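Asks: target-v4.pdb is the file, holding PDB, C-alpha atoms, pLDDT in the B column:
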ATOM      1  CA  MET A   1     131.841  31.189 196.800  1.00 78.00           C
ATOM      2  CA  LYS A   2     128.124  31.145 197.575  1.00 88.00           C
ATOM      3  CA  THR A   3     125.819  33.445 195.577  1.00 94.00           C
ATOM      4  CA  LYS A   4     122.145  34.291 196.024  1.00 94.00           C
ATOM      5  CA  TYR A   5     121.261  33.192 192.477  1.00 97.00           C
ATOM      6  CA  LYS A   6     122.548  30.198 190.535  1.00 97.00           C
ATOM      7  CA  ILE A   7     122.981  29.715 186.789  1.00 97.00           C
ATOM      8  CA  GLY A   8     119.556  28.820 185.435  1.00 98.00           C
ATOM      9  CA  SER A   9     117.638  30.834 188.052  1.00 97.00           C
ATOM     10  CA  ILE A  10     114.622  32.786 186.792  1.00 97.00           C
ATOM     11  CA  VAL A  11     114.717  36.437 187.899  1.00 97.00           C
ATOM     12  CA  TYR A  12     113.142  39.819 187.151  1.00 97.00           C
ATOM     13  CA  LEU A  13     114.741  43.259 187.106  1.00 95.00           C
ATOM     14  CA  LEU A  14     113.265  45.645 189.650  1.00 92.00           C
ATOM     15  CA  THR A  15     113.336  48.554 187.188  1.00 89.00           C
ATOM     16  CA  ASP A  16     111.941  46.687 184.163  1.00 91.00           C
ATOM     17  CA  THR A  17     108.432  48.038 183.527  1.00 86.00           C
ATOM     18  CA  THR A  18     107.525  44.989 181.404  1.00 88.00           C
ATOM     19  CA  GLN A  19     108.798  42.580 184.085  1.00 90.00           C
ATOM     20  CA  SER A  20     110.251  40.251 181.431  1.00 94.00           C
ATOM     21  CA  VAL A  21     111.525  36.863 182.567  1.00 95.00           C
ATOM     22  CA  ARG A  22     115.324  36.690 182.633  1.00 97.00           C
ATOM     23  CA  ILE A  23     117.553  33.667 183.179  1.00 98.00           C
ATOM     24  CA  VAL A  24     120.890  33.818 184.970  1.00 98.00           C
ATOM     25  CA  THR A  25     123.372  32.609 182.352  1.00 98.00           C
ATOM     26  CA  GLY A  26     126.628  33.701 183.965  1.00 98.00           C
ATOM     27  CA  ILE A  27     128.143  34.821 187.261  1.00 98.00           C
ATOM     28  CA  ARG A  28     131.317  36.916 187.525  1.00 97.00           C
ATOM     29  CA  ILE A  29     132.897  37.217 190.964  1.00 95.00           C
ATOM     30  CA  THR A  30     135.676  39.735 191.549  1.00 93.00           C
ATOM     31  CA  ILE A  31     137.102  41.336 194.661  1.00 92.00           C
ATOM     32  CA  GLY A  32     134.243  43.153 196.334  1.00 89.00           C
ATOM     33  CA  GLU A  33     131.491  42.489 193.780  1.00 93.00           C
ATOM     34  CA  THR A  34     129.372  39.861 192.092  1.00 96.00           C
ATOM     35  CA  MET A  35     127.838  40.502 188.669  1.00 97.00           C
ATOM     36  CA  TYR A  36     125.202  38.351 187.033  1.00 98.00           C
ATOM     37  CA  GLU A  37     124.721  37.923 183.303  1.00 98.00           C
ATOM     38  CA  LEU A  38     120.995  37.780 182.569  1.00 98.00           C
ATOM     39  CA  SER A  39     119.505  36.599 179.296  1.00 98.00           C
ATOM     40  CA  CYS A  40     116.122  37.638 177.949  1.00 97.00           C
ATOM     41  CA  GLY A  41     115.420  36.193 174.523  1.00 94.00           C
ATOM     42  CA  SER A  42     118.495  36.806 172.378  1.00 95.00           C
ATOM     43  CA  SER A  43     119.870  39.663 174.535  1.00 96.00           C
ATOM     44  CA  ALA A  44     122.135  39.473 177.541  1.00 97.00           C
ATOM     45  CA  SER A  45     123.007  42.139 180.103  1.00 97.00           C
ATOM     46  CA  ASN A  46     125.005  42.362 183.337  1.00 97.00           C
ATOM     47  CA  HIS A  47     123.466  43.321 186.662  1.00 98.00           C
ATOM     48  CA  TYR A  48     124.179  43.531 190.374  1.00 96.00           C
ATOM     49  CA  GLU A  49     122.250  41.362 192.820  1.00 95.00           C
ATOM     50  CA  PHE A  50     120.344  44.353 194.262  1.00 95.00           C
ATOM     51  CA  GLU A  51     118.756  44.997 190.823  1.00 95.00           C
ATOM     52  CA  MET A  52     117.136  41.560 190.709  1.00 96.00           C
ATOM     53  CA  HIS A  53     114.243  39.773 192.369  1.00 94.00           C
ATOM     54  CA  GLU A  54     112.834  36.237 192.198  1.00 94.00           C
ATOM     55  CA  SER A  55     109.207  37.289 191.770  1.00 90.00           C
ATOM     56  CA  LYS A  56     107.446  39.512 189.278  1.00 86.00           C
ATOM     57  CA  ASP A  57     106.446  43.022 190.434  1.00 78.00           C
ATOM     58  CA  CYS A  58     102.865  43.145 189.122  1.00 77.00           C
ATOM     59  CA  LEU A  59     102.385  46.714 190.369  1.00 74.00           C
ATOM     60  CA  MET A  60     105.283  47.892 188.177  1.00 70.00           C
ATOM     61  CA  GLN A  61     103.574  46.220 185.193  1.00 67.00           C
ATOM     62  CA  ILE A  62     100.186  47.806 185.943  1.00 71.00           C
ATOM     63  CA  LEU A  63     101.646  51.294 186.441  1.00 67.00           C
ATOM     64  CA  SER A  64     103.580  51.099 183.175  1.00 67.00           C
ATOM     65  CA  ASN A  65     100.378  50.431 181.220  1.00 67.00           C
ATOM     66  CA  ASP A  66      98.744  53.718 182.309  1.00 57.00           C
TER
END
Let me see the file written as structure tokens.
Replies:
Amino acid sequence: MKTKYKIGSIVYLLTDTTQSVRIVTGIRITIGETMYELSCGSSASNHYEFEMHESKDCLMQILSND
């Protein structure tokens, strides 16, 4: 099955105000959904594709510092 992101891809979470770099470390495909495991430092979390983006949202970072 083809996915938008591959293991090892660098991504950012759209809702992360710090815009920390995350690496795709796992992909789980089930009927009707694809979940990605993202690692940031020593933590890992699971996310849907629509929560992720390939480029940093600098505006989110600037607004969070106000």
Asks: Let me know the residues the PyMOL selection byres ((chain A and resi 9) around 6) catches in the file above, as a ChimeraX atom specification.
Replies: /A:6-8,10,23-24
Asks: Identify which of the residues A:Ser55, A:Phe50, A:Asp16, A:Arg22 lies closest to A:Glu37, counting all atoms listed in the file when measuring atom-to-atom distances.
Replies: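 Among the listed residues, A:Arg22 lies closest to A:Glu37.
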Asks: In terms of the shortest atom-to-atom distance over all atoms listed in the file, which of A:Gln19, A:Thr34, A:Ser39, A:Ser45 is closest to A:Lys4?
Replies: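 Looking at the shortest contact to A:Lys4, the residue is A:Thr34.
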Asks: How far is it from atom CA of A:Ala44 to atom CA of A:Lys2, in Å with one decimal?
Replies: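 Atom CA of A:Lys2 lies 22.5 Å from atom CA of A:Ala44.
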Asks: For the structure shown, which residues end up in the PyMOL selection byres ((chain A and resi 53) around 8)? Put them as a ChimeraX atom specification, please?
Replies: /A:11-14,50-52,54-56
Asks: Once the PyMOL selection byres ((chain A and resi 28) around 12) has been applied to the shown file, what residues remain in the selection, as a VMD selection string?
Replies: chain A and resid 1 3 5 to 7 24 to 27 29 to 38 46 to 49
Asks: For the residues in that selection, give me C-alpha atoms as a compact mmCIF listing (two decimals), keeping the file's coordinate frame.
Replies:
# COMPACT_ATOMS: atom_id res chain seq x y z
CA MET A 1 131.84 31.19 196.80
CA THR A 3 125.82 33.44 195.58
CA TYR A 5 121.26 33.19 192.48
CA LYS A 6 122.55 30.20 190.54
CA ILE A 7 122.98 29.72 186.79
CA VAL A 24 120.89 33.82 184.97
CA THR A 25 123.37 32.61 182.35
CA GLY A 26 126.63 33.70 183.96
CA ILE A 27 128.14 34.82 187.26
CA ILE A 29 132.90 37.22 190.96
CA THR A 30 135.68 39.74 191.55
CA ILE A 31 137.10 41.34 194.66
CA GLY A 32 134.24 43.15 196.33
CA GLU A 33 131.49 42.49 193.78
CA THR A 34 129.37 39.86 192.09
CA MET A 35 127.84 40.50 188.67
CA TYR A 36 125.20 38.35 187.03
CA GLU A 37 124.72 37.92 183.30
CA LEU A 38 121.00 37.78 182.57
CA ASN A 46 125.00 42.36 183.34
CA HIS A 47 123.47 43.32 186.66
CA TYR A 48 124.18 43.53 190.37
CA GLU A 49 122.25 41.36 192.82
Asks: The centre and edge lengths of an axis-aligned box containing all atoms of stretch 26-45 of chain A present in the file, extended by 4 Å on each side, are to be given in Å to one decimal, as AutoDock Vina command-line options.
Replies:
--center_x 126.3 --center_y 38.4 --center_z 184.4 --size_x 29.7 --size_y 17.5 --size_z 32.0
